[in-house]
>>> print(open('structure.cif').read())   # mmCIF, C-alpha atoms and all ligand atoms; chains and numbers go by the auth columns
data_final
loop_
_atom_site.group_PDB
_atom_site.id
_atom_site.type_symbol
_atom_site.label_atom_id
_atom_site.label_comp_id
_atom_site.label_asym_id
_atom_site.label_seq_id
_atom_site.Cartn_x
_atom_site.Cartn_y
_atom_site.Cartn_z
_atom_site.B_iso_or_equiv
_atom_site.auth_seq_id
_atom_site.auth_asym_id
ATOM 1 C CA MET A 1 96.008 97.444 70.772 0.00 83 T
ATOM 2 C CA ILE A 2 95.150 96.647 74.400 0.00 84 T
ATOM 3 C CA LYS A 3 94.390 92.966 74.895 0.00 85 T
ATOM 4 C CA ALA A 4 94.815 92.480 78.650 0.00 86 T
ATOM 5 C CA CYS A 5 94.538 94.211 82.021 0.00 87 T
ATOM 6 C CA LEU A 6 96.701 93.154 84.969 0.00 88 T
ATOM 7 C CA PHE A 7 95.469 94.131 88.430 0.00 89 T
ATOM 8 C CA ASP A 8 97.351 94.513 91.666 0.00 90 T
ATOM 9 C CA LEU A 9 95.119 93.345 94.542 0.00 91 T
ATOM 10 C CA ASP A 10 95.688 95.283 97.760 0.00 92 T
ATOM 11 C CA GLY A 11 94.885 98.968 97.226 0.00 93 T
ATOM 12 C CA VAL A 12 93.316 98.415 93.792 0.00 94 T
ATOM 13 C CA ILE A 13 90.526 95.829 94.136 0.00 95 T
ATOM 14 C CA VAL A 14 90.328 95.643 97.908 0.00 96 T
ATOM 15 C CA ASP A 15 91.672 97.485 100.938 0.00 97 T
ATOM 16 C CA THR A 16 93.457 94.858 103.004 0.00 98 T
ATOM 17 C CA ALA A 17 96.034 97.400 104.257 0.00 99 T
ATOM 18 C CA ARG A 18 93.966 98.007 107.407 0.00 100 T
ATOM 19 C CA TYR A 19 94.078 94.280 108.299 0.00 101 T
ATOM 20 C CA HIS A 20 97.831 94.163 107.652 0.00 102 T
ATOM 21 C CA PHE A 21 98.112 97.247 109.901 0.00 103 T
ATOM 22 C CA ILE A 22 96.204 95.701 112.831 0.00 104 T
ATOM 23 C CA ALA A 23 98.325 92.532 112.653 0.00 105 T
ATOM 24 C CA TRP A 24 101.718 94.289 112.302 0.00 106 T
ATOM 25 C CA LYS A 25 100.775 96.771 115.061 0.00 107 T
ATOM 26 C CA ALA A 26 99.890 93.935 117.460 0.00 108 T
ATOM 27 C CA LEU A 27 103.264 92.306 116.746 0.00 109 T
ATOM 28 C CA ALA A 28 105.124 95.603 117.288 0.00 110 T
ATOM 29 C CA GLU A 29 103.341 96.138 120.610 0.00 111 T
ATOM 30 C CA GLU A 30 104.263 92.640 121.690 0.00 112 T
ATOM 31 C CA LEU A 31 107.887 93.462 120.848 0.00 113 T
ATOM 32 C CA GLY A 32 107.624 96.713 122.840 0.00 114 T
ATOM 33 C CA PHE A 33 107.422 99.507 120.264 0.00 115 T
ATOM 34 C CA GLU A 34 104.831 101.638 118.520 0.00 116 T
ATOM 35 C CA PHE A 35 103.795 101.176 114.892 0.00 117 T
ATOM 36 C CA THR A 36 101.726 103.957 113.316 0.00 118 T
ATOM 37 C CA GLU A 37 99.475 104.197 110.255 0.00 119 T
ATOM 38 C CA LYS A 38 102.155 106.342 108.641 0.00 120 T
ATOM 39 C CA ASP A 39 104.677 103.533 109.201 0.00 121 T
ATOM 40 C CA ASN A 40 102.190 101.148 107.585 0.00 122 T
ATOM 41 C CA GLU A 41 102.393 103.133 104.326 0.00 123 T
ATOM 42 C CA ARG A 42 105.942 101.796 103.932 0.00 124 T
ATOM 43 C CA LEU A 43 104.642 98.220 103.792 0.00 125 T
ATOM 44 C CA LYS A 44 102.181 98.677 100.924 0.00 126 T
ATOM 45 C CA GLY A 45 103.047 96.464 97.946 0.00 127 T
ATOM 46 C CA VAL A 46 106.092 95.108 99.822 0.00 128 T
ATOM 47 C CA SER A 47 106.557 91.340 100.414 0.00 129 T
ATOM 48 C CA ARG A 48 105.876 89.799 103.830 0.00 130 T
ATOM 49 C CA MET A 49 109.517 89.191 104.802 0.00 131 T
ATOM 50 C CA ARG A 50 110.623 92.612 103.554 0.00 132 T
ATOM 51 C CA SER A 51 107.754 94.092 105.622 0.00 133 T
ATOM 52 C CA MET A 52 109.085 92.184 108.645 0.00 134 T
ATOM 53 C CA ASP A 53 112.533 93.751 108.121 0.00 135 T
ATOM 54 C CA ILE A 54 111.037 97.259 107.819 0.00 136 T
ATOM 55 C CA LEU A 55 108.968 96.715 110.988 0.00 137 T
ATOM 56 C CA LEU A 56 112.035 95.666 112.991 0.00 138 T
ATOM 57 C CA GLU A 57 113.989 98.600 111.540 0.00 139 T
ATOM 58 C CA ILE A 58 111.262 100.926 112.881 0.00 140 T
ATOM 59 C CA GLY A 59 111.557 99.248 116.300 0.00 141 T
ATOM 60 C CA GLY A 60 115.345 99.442 116.169 0.00 142 T
ATOM 61 C CA ILE A 61 115.781 95.700 116.721 0.00 143 T
ATOM 62 C CA ASP A 62 116.962 92.710 114.745 0.00 144 T
ATOM 63 C CA PHE A 63 116.537 88.942 115.068 0.00 145 T
ATOM 64 C CA PRO A 64 118.052 85.886 113.388 0.00 146 T
ATOM 65 C CA ARG A 65 116.285 84.704 110.211 0.00 147 T
ATOM 66 C CA GLU A 66 114.398 81.800 111.916 0.00 148 T
ATOM 67 C CA LYS A 67 112.975 84.085 114.577 0.00 149 T
ATOM 68 C CA LYS A 68 111.874 86.595 111.904 0.00 150 T
ATOM 69 C CA GLU A 69 110.149 83.824 109.968 0.00 151 T
ATOM 70 C CA GLU A 70 108.366 82.656 113.116 0.00 152 T
ATOM 71 C CA LEU A 71 107.165 86.212 113.868 0.00 153 T
ATOM 72 C CA ALA A 72 106.035 86.760 110.254 0.00 154 T
ATOM 73 C CA THR A 73 104.101 83.476 110.356 0.00 155 T
ATOM 74 C CA ARG A 74 102.381 84.583 113.557 0.00 156 T
ATOM 75 C CA LYS A 75 101.517 87.951 111.991 0.00 157 T
ATOM 76 C CA ASN A 76 100.132 86.117 108.948 0.00 158 T
ATOM 77 C CA GLU A 77 97.894 83.924 111.123 0.00 159 T
ATOM 78 C CA HIS A 78 96.471 87.050 112.784 0.00 160 T
ATOM 79 C CA TYR A 79 96.005 88.699 109.349 0.00 161 T
ATOM 80 C CA ARG A 80 94.295 85.568 107.990 0.00 162 T
ATOM 81 C CA SER A 81 91.798 85.646 110.857 0.00 163 T
ATOM 82 C CA PHE A 82 90.473 88.852 109.204 0.00 164 T
ATOM 83 C CA ILE A 83 90.703 87.979 105.516 0.00 165 T
ATOM 84 C CA THR A 84 89.041 84.595 105.915 0.00 166 T
ATOM 85 C CA LYS A 85 85.943 86.521 107.048 0.00 167 T
ATOM 86 C CA MET A 86 85.945 89.086 104.216 0.00 168 T
ATOM 87 C CA GLU A 87 82.725 89.627 102.254 0.00 169 T
ATOM 88 C CA PRO A 88 82.116 90.691 98.624 0.00 170 T
ATOM 89 C CA ASN A 89 80.850 94.074 99.904 0.00 171 T
ATOM 90 C CA GLU A 90 84.497 94.886 100.720 0.00 172 T
ATOM 91 C CA ILE A 91 85.404 95.034 97.011 0.00 173 T
ATOM 92 C CA LEU A 92 86.446 98.634 96.263 0.00 174 T
ATOM 93 C CA PRO A 93 83.822 100.705 94.360 0.00 175 T
ATOM 94 C CA GLY A 94 83.671 100.220 90.599 0.00 176 T
ATOM 95 C CA SER A 95 85.999 97.170 90.491 0.00 177 T
ATOM 96 C CA THR A 96 83.411 94.523 89.629 0.00 178 T
ATOM 97 C CA GLU A 97 81.673 96.793 87.109 0.00 179 T
ATOM 98 C CA PHE A 98 84.954 97.644 85.356 0.00 180 T
ATOM 99 C CA ILE A 99 86.069 93.999 85.197 0.00 181 T
ATOM 100 C CA LYS A 100 82.684 92.988 83.744 0.00 182 T
ATOM 101 C CA GLU A 101 82.933 95.766 81.145 0.00 183 T
ATOM 102 C CA LEU A 102 86.429 94.595 80.155 0.00 184 T
ATOM 103 C CA LYS A 103 85.200 91.028 79.778 0.00 185 T
ATOM 104 C CA LYS A 104 82.385 92.236 77.515 0.00 186 T
ATOM 105 C CA HIS A 105 85.078 93.684 75.228 0.00 187 T
ATOM 106 C CA ASN A 106 87.113 90.432 75.285 0.00 188 T
ATOM 107 C CA ILE A 107 89.943 91.934 77.339 0.00 189 T
ATOM 108 C CA LYS A 108 91.828 89.282 79.300 0.00 190 T
ATOM 109 C CA ILE A 109 92.288 89.735 83.044 0.00 191 T
ATOM 110 C CA ALA A 110 95.128 88.686 85.340 0.00 192 T
ATOM 111 C CA LEU A 111 96.075 89.373 88.925 0.00 193 T
ATOM 112 C CA GLY A 112 99.618 90.534 89.711 0.00 194 T
ATOM 113 C CA SER A 113 100.024 90.704 93.481 0.00 195 T
ATOM 114 C CA ALA A 114 102.855 90.340 96.004 0.00 196 T
ATOM 115 C CA SER A 115 100.479 88.601 98.407 0.00 197 T
ATOM 116 C CA LYS A 116 100.701 84.900 99.182 0.00 198 T
ATOM 117 C CA ASN A 117 97.107 85.178 100.431 0.00 199 T
ATOM 118 C CA ALA A 118 95.697 86.464 97.120 0.00 200 T
ATOM 119 C CA MET A 119 93.713 83.299 96.295 0.00 201 T
ATOM 120 C CA THR A 120 92.014 83.314 99.713 0.00 202 T
ATOM 121 C CA ILE A 121 91.018 86.956 99.217 0.00 203 T
ATOM 122 C CA LEU A 122 89.738 86.461 95.630 0.00 204 T
ATOM 123 C CA ASP A 123 87.700 83.449 96.788 0.00 205 T
ATOM 124 C CA ARG A 124 86.189 85.351 99.725 0.00 206 T
ATOM 125 C CA LEU A 125 85.283 88.225 97.385 0.00 207 T
ATOM 126 C CA GLN A 126 83.832 85.730 94.857 0.00 208 T
ATOM 127 C CA LEU A 127 86.056 87.204 92.145 0.00 209 T
ATOM 128 C CA THR A 128 88.182 84.145 91.266 0.00 210 T
ATOM 129 C CA ASP A 129 86.187 83.140 88.177 0.00 211 T
ATOM 130 C CA TRP A 130 86.710 86.540 86.517 0.00 212 T
ATOM 131 C CA PHE A 131 90.481 86.064 86.343 0.00 213 T
ATOM 132 C CA ASP A 132 92.074 84.249 83.399 0.00 214 T
ATOM 133 C CA ALA A 133 95.373 84.030 85.325 0.00 215 T
ATOM 134 C CA VAL A 134 96.532 84.687 88.872 0.00 216 T
ATOM 135 C CA ILE A 135 100.184 85.508 89.555 0.00 217 T
ATOM 136 C CA ASP A 136 100.668 86.027 93.281 0.00 218 T
ATOM 137 C CA GLY A 137 103.432 85.966 95.892 0.00 219 T
ATOM 138 C CA THR A 138 103.644 82.169 95.687 0.00 220 T
ATOM 139 C CA LYS A 139 104.649 82.325 92.008 0.00 221 T
ATOM 140 C CA VAL A 140 107.330 85.017 91.884 0.00 222 T
ATOM 141 C CA SER A 141 110.891 85.200 93.149 0.00 223 T
ATOM 142 C CA LYS A 142 111.567 88.890 92.511 0.00 224 T
ATOM 143 C CA ALA A 143 109.573 91.653 94.182 0.00 225 T
ATOM 144 C CA LYS A 144 108.236 94.778 92.464 0.00 226 T
ATOM 145 C CA PRO A 145 109.821 97.044 91.069 0.00 227 T
ATOM 146 C CA ASP A 146 111.103 93.974 89.220 0.00 228 T
ATOM 147 C CA PRO A 147 108.594 93.332 86.397 0.00 229 T
ATOM 148 C CA GLU A 148 108.539 89.528 86.947 0.00 230 T
ATOM 149 C CA VAL A 149 104.990 89.383 88.352 0.00 231 T
ATOM 150 C CA PHE A 150 103.497 91.277 85.392 0.00 232 T
ATOM 151 C CA LEU A 151 105.634 89.570 82.731 0.00 233 T
ATOM 152 C CA LYS A 152 104.475 86.194 84.080 0.00 234 T
ATOM 153 C CA GLY A 153 100.901 87.498 83.938 0.00 235 T
ATOM 154 C CA ALA A 154 101.264 88.521 80.275 0.00 236 T
ATOM 155 C CA GLU A 155 102.854 85.167 79.455 0.00 237 T
ATOM 156 C CA ALA A 156 100.054 83.242 81.193 0.00 238 T
ATOM 157 C CA LEU A 157 97.499 85.202 79.154 0.00 239 T
ATOM 158 C CA GLY A 158 99.416 84.696 75.891 0.00 240 T
ATOM 159 C CA VAL A 159 99.790 88.425 75.163 0.00 241 T
ATOM 160 C CA SER A 160 102.791 90.727 74.656 0.00 242 T
ATOM 161 C CA PRO A 161 103.753 93.228 77.370 0.00 243 T
ATOM 162 C CA ASN A 162 102.942 96.158 75.065 0.00 244 T
ATOM 163 C CA GLU A 163 99.357 94.865 74.807 0.00 245 T
ATOM 164 C CA CYS A 164 98.892 95.079 78.602 0.00 246 T
ATOM 165 C CA VAL A 165 97.703 97.753 81.004 0.00 247 T
ATOM 166 C CA VAL A 166 98.628 97.402 84.682 0.00 248 T
ATOM 167 C CA PHE A 167 96.562 98.883 87.550 0.00 249 T
ATOM 168 C CA GLU A 168 98.722 99.652 90.597 0.00 250 T
ATOM 169 C CA ASP A 169 98.534 101.654 93.820 0.00 251 T
ATOM 170 C CA ALA A 170 102.214 101.365 94.850 0.00 252 T
ATOM 171 C CA GLU A 171 105.084 103.352 93.360 0.00 253 T
ATOM 172 C CA ALA A 172 107.200 100.170 93.090 0.00 254 T
ATOM 173 C CA GLY A 173 104.322 98.537 91.189 0.00 255 T
ATOM 174 C CA VAL A 174 104.141 101.401 88.685 0.00 256 T
ATOM 175 C CA GLU A 175 107.909 101.081 88.162 0.00 257 T
ATOM 176 C CA ALA A 176 107.511 97.306 87.668 0.00 258 T
ATOM 177 C CA ALA A 177 104.856 97.831 84.977 0.00 259 T
ATOM 178 C CA LEU A 178 106.977 100.393 83.138 0.00 260 T
ATOM 179 C CA ALA A 179 110.093 98.205 83.411 0.00 261 T
ATOM 180 C CA GLY A 180 108.060 95.407 81.814 0.00 262 T
ATOM 181 C CA GLY A 181 107.182 97.628 78.849 0.00 263 T
ATOM 182 C CA MET A 182 103.510 97.929 79.825 0.00 264 T
ATOM 183 C CA LYS A 183 101.103 100.835 80.149 0.00 265 T
ATOM 184 C CA CYS A 184 100.196 101.701 83.725 0.00 266 T
ATOM 185 C CA VAL A 185 97.200 103.292 85.427 0.00 267 T
ATOM 186 C CA GLY A 186 98.062 104.486 88.930 0.00 268 T
ATOM 187 C CA ILE A 187 95.385 104.161 91.607 0.00 269 T
ATOM 188 C CA GLY A 188 96.012 107.000 94.038 0.00 270 T
ATOM 189 C CA THR A 189 97.535 110.459 93.676 0.00 271 T
ATOM 190 C CA PRO A 190 99.789 111.933 90.929 0.00 272 T
ATOM 191 C CA GLU A 191 102.239 113.132 93.639 0.00 273 T
ATOM 192 C CA ILE A 192 103.198 109.507 94.326 0.00 274 T
ATOM 193 C CA LEU A 193 102.272 107.758 91.070 0.00 275 T
ATOM 194 C CA GLY A 194 103.257 110.498 88.621 0.00 276 T
ATOM 195 C CA ASN A 195 105.191 108.108 86.362 0.00 277 T
ATOM 196 C CA ALA A 196 102.022 106.200 85.438 0.00 278 T
ATOM 197 C CA HIS A 197 100.385 106.944 82.063 0.00 279 T
ATOM 198 C CA LEU A 198 97.175 107.920 83.853 0.00 280 T
ATOM 199 C CA VAL A 199 96.317 108.353 87.541 0.00 281 T
ATOM 200 C CA VAL A 200 92.785 107.881 88.919 0.00 282 T
ATOM 201 C CA SER A 201 91.556 107.720 92.503 0.00 283 T
ATOM 202 C CA GLY A 202 89.922 104.293 92.051 0.00 284 T
ATOM 203 C CA LEU A 203 88.555 101.831 89.518 0.00 285 T
ATOM 204 C CA HIS A 204 85.156 103.600 89.755 0.00 286 T
ATOM 205 C CA GLU A 205 86.803 106.294 87.592 0.00 287 T
ATOM 206 C CA MET A 206 87.739 103.782 84.878 0.00 288 T
ATOM 207 C CA SER A 207 85.844 102.691 81.780 0.00 289 T
ATOM 208 C CA PHE A 208 86.677 100.757 78.615 0.00 290 T
ATOM 209 C CA GLU A 209 86.533 104.049 76.724 0.00 291 T
ATOM 210 C CA LYS A 210 89.177 105.639 79.023 0.00 292 T
ATOM 211 C CA LEU A 211 91.311 102.513 78.682 0.00 293 T
ATOM 212 C CA SER A 212 91.131 102.687 74.879 0.00 294 T
ATOM 213 C CA ARG A 213 92.413 106.258 74.968 0.00 295 T
ATOM 214 C CA LEU A 214 95.683 104.996 76.533 0.00 296 T
ATOM 215 C CA GLN A 215 96.957 103.448 73.301 0.00 297 T
HETATM 216 P P1 LIG B . 101.091 88.552 102.220 0.00 1 H
HETATM 217 P P2 LIG B . 99.606 93.723 96.681 0.00 1 H
HETATM 218 C C1 LIG B . 100.777 93.224 99.035 0.00 1 H
HETATM 219 O O1 LIG B . 99.677 93.084 98.169 0.00 1 H
HETATM 220 C C2 LIG B . 100.441 94.204 100.151 0.00 1 H
HETATM 221 O O2 LIG B . 100.237 95.507 99.613 0.00 1 H
HETATM 222 C C3 LIG B . 101.579 94.261 101.135 0.00 1 H
HETATM 223 O O3 LIG B . 101.282 95.155 102.192 0.00 1 H
HETATM 224 C C4 LIG B . 101.857 92.852 101.682 0.00 1 H
HETATM 225 O O4 LIG B . 102.957 92.869 102.574 0.00 1 H
HETATM 226 C C5 LIG B . 102.130 91.921 100.510 0.00 1 H
HETATM 227 O O5 LIG B . 101.032 91.934 99.605 0.00 1 H
HETATM 228 C C6 LIG B . 102.386 90.502 100.955 0.00 1 H
HETATM 229 O O6 LIG B . 101.202 89.974 101.493 0.00 1 H
HETATM 230 O O7 LIG B . 101.660 88.695 103.589 0.00 1 H
HETATM 231 O O8 LIG B . 99.595 88.302 102.197 0.00 1 H
HETATM 232 O O9 LIG B . 101.843 87.558 101.374 0.00 1 H
HETATM 233 O O10 LIG B . 99.454 95.203 96.845 0.00 1 H
HETATM 234 O O11 LIG B . 100.877 93.328 95.930 0.00 1 H
HETATM 235 O O12 LIG B . 98.367 93.068 96.113 0.00 1 H
HETATM 236 MG MG MG B . 98.951 97.210 96.060 0.00 2 H
#
>>> encode(input="structure.cif", output="structure tokens", more="lines below")
Ligand code: B16
Ligand code: MG
Amino acid sequence: MIKACLFDLDGVIVDTARYHFIAWKALAEELGFEFTEKDNERLKGVSRMRSMDILLEIGGIDFPREKKEELATRKNEHYRSFITKMEPNEILPGSTEFIKELKKHNIKIALGSASKNAMTILDRLQLTDWFDAVIDGTKVSKAKPDPEVFLKGAEALGVSPNECVVFEDAEAGVEAALAGGMKCVGIGTPEILGNAHLVVSGLHEMSFEKLSRLQ
């Protein structure tokens, strides 16, 4: 019996990857190397400091921890200059409709995101009130594929992992859901998210009826 849905944020409900890309690219250019959209794929679903390490690996440079933290903070300020101006029309197609349909069927909703900026984004998109629990990058110590973020979500909602369905666009996120003993719907392509129980191209392809067929 499915009692709850846990949503990743970036790549599922909203596309913030392009803002992350602009901010990381500007930092790379400042440091004297190129950062492409293909490189940016490696940062999806990955924490901020791990992203910083991958960026420097691409540039073939390394810095002491304090310097990396300072650079990541600067990148975050640039990124926040975009997300603090986001509008509800940036919500990915079908997301609001699907969430409303779930609520109508008494399904609980939680967010399970690596982002420390998740609350700012949900507020800008006017989605905060729909969520019964928000587990974001400020509340977890282990990154996906560790299931911590989703297990904390299930706990906050008062449901068992096997009563949850996770929606994820990153391979590590799908692995995290499965490791937590949850069902998973991949948002993207089966080539990358093949381990998920179902793969759709976006939440516009989801319905309560499709969700029910997962059990
Ligand atoms: P922040 P998700 C992730 O969000 C992004 O996909 C990833 O690119 C980003 O590095 C990470 O959040 C941390 O974000 O710098 O805002 O804390 O997909 O887990 O919702
Ligand atoms: Mg994501």
>>> resolve_selection(input="structure.cif", expression="the PyMOL selection byres (((not hetatm)) within 7 of (chain H and resi 1))", output="mmCIF file with C-alpha atoms, keeping the file's coordinate frame")
data_model
loop_
_atom_site.group_PDB
_atom_site.id
_atom_site.type_symbol
_atom_site.label_atom_id
_atom_site.label_comp_id
_atom_site.auth_asym_id
_atom_site.auth_seq_id
_atom_site.Cartn_x
_atom_site.Cartn_y
_atom_site.Cartn_z
ATOM 1 C CA ASP T 90 97.351 94.513 91.666
ATOM 2 C CA LEU T 91 95.119 93.345 94.542
ATOM 3 C CA ASP T 92 95.688 95.283 97.760
ATOM 4 C CA GLY T 93 94.885 98.968 97.226
ATOM 5 C CA ALA T 99 96.034 97.400 104.257
ATOM 6 C CA HIS T 102 97.831 94.163 107.652
ATOM 7 C CA LEU T 125 104.642 98.220 103.792
ATOM 8 C CA LYS T 126 102.181 98.677 100.924
ATOM 9 C CA GLY T 127 103.047 96.464 97.946
ATOM 10 C CA VAL T 128 106.092 95.108 99.822
ATOM 11 C CA SER T 129 106.557 91.340 100.414
ATOM 12 C CA ARG T 130 105.876 89.799 103.830
ATOM 13 C CA SER T 133 107.754 94.092 105.622
ATOM 14 C CA ASN T 158 100.132 86.117 108.948
ATOM 15 C CA GLY T 194 99.618 90.534 89.711
ATOM 16 C CA SER T 195 100.024 90.704 93.481
ATOM 17 C CA ALA T 196 102.855 90.340 96.004
ATOM 18 C CA SER T 197 100.479 88.601 98.407
ATOM 19 C CA LYS T 198 100.701 84.900 99.182
ATOM 20 C CA ASN T 199 97.107 85.178 100.431
ATOM 21 C CA ALA T 200 95.697 86.464 97.120
ATOM 22 C CA GLY T 219 103.432 85.966 95.892
#
>>> resolve_selection(input="structure.cif", expression="the PyMOL selection byres (((chain T and resi 166) around 12) and not hetatm)", output="ChimeraX atom specification")
/T:98,101,158-165,167-170,199-207
>>> resolve_selection(input="structure.cif", expression="the PyMOL selection byres (((chain T and resi 282-295) around 12) and not hetatm)", output="PyMOL selection string")
chain T and resi 83-87+89-91+93-97+173-189+245-251+265-276+278-281+296-297
>>> closest_residue(input="structure.cif", among="T:Glu148, T:Ile143, T:Leu153, T:Ser242", to="Trp106 of chain T", atoms="all atoms listed in the file")
T:Leu153
>>> closest_residue(input="structure.cif", among="T:Met264, T:Ile217, T:Asn277, T:Ala192", to="Leu239 of chain T", atoms="all atoms listed in the file")
T:Ala192
>>> atom_distance(input="structure.cif", atom1="atom CA of Asp135 of chain T", atom2="atom CA of Lys150 of chain T")
8.1 Å
>>> atom_distance(input="structure.cif", atom1="atom CA of Val222 of chain T", atom2="atom CA of Leu193 of chain T")
12.4 Å
>>> atom_distance(input="structure.cif", atom1="atom CA of Ala215 of chain T", atom2="atom CA of Ala238 of chain T")
6.3 Å
>>> axis_aligned_box(input="structure.cif", around="segment 233-245 of chain T", padding_each_side="5 Å", output="AutoDock Vina command-line options")
--center_x 101.6 --center_y 89.7 --center_z 79.4 --size_x 18.1 --size_y 22.9 --size_z 19.4
>>> closest_residue(input="structure.cif", among="T:Gly240, T:Leu260, T:Phe213, T:Ala225", to="Leu88 of chain T", atoms="all atoms listed in the file")
T:Phe213
>>> residues_around(input="structure.cif", residues="Ala261 of chain T", least_positions_apart="6", cutoff="10 Å", atoms="only C-alpha atoms", output="PDB file with C-alpha atoms, keeping the file's coordinate frame")
ATOM      1  CA  LYS T 226     108.236  94.778  92.464  1.00  0.00           C
ATOM      2  CA  PRO T 227     109.821  97.044  91.069  1.00  0.00           C
ATOM      3  CA  ASP T 228     111.103  93.974  89.220  1.00  0.00           C
ATOM      4  CA  PRO T 229     108.594  93.332  86.397  1.00  0.00           C
ATOM      5  CA  GLU T 230     108.539  89.528  86.947  1.00  0.00           C
ATOM      6  CA  PHE T 232     103.497  91.277  85.392  1.00  0.00           C
ATOM      7  CA  LEU T 233     105.634  89.570  82.731  1.00  0.00           C
ATOM      8  CA  GLY T 255     104.322  98.537  91.189  1.00  0.00           C
TER       9      GLY T 255
END
>>> closest_residue(input="structure.cif", among="T:Ala154, T:Leu138, T:Ala258, T:Ala252", to="ligand MG 2 (chain H)", atoms="all atoms listed in the file")
T:Ala252
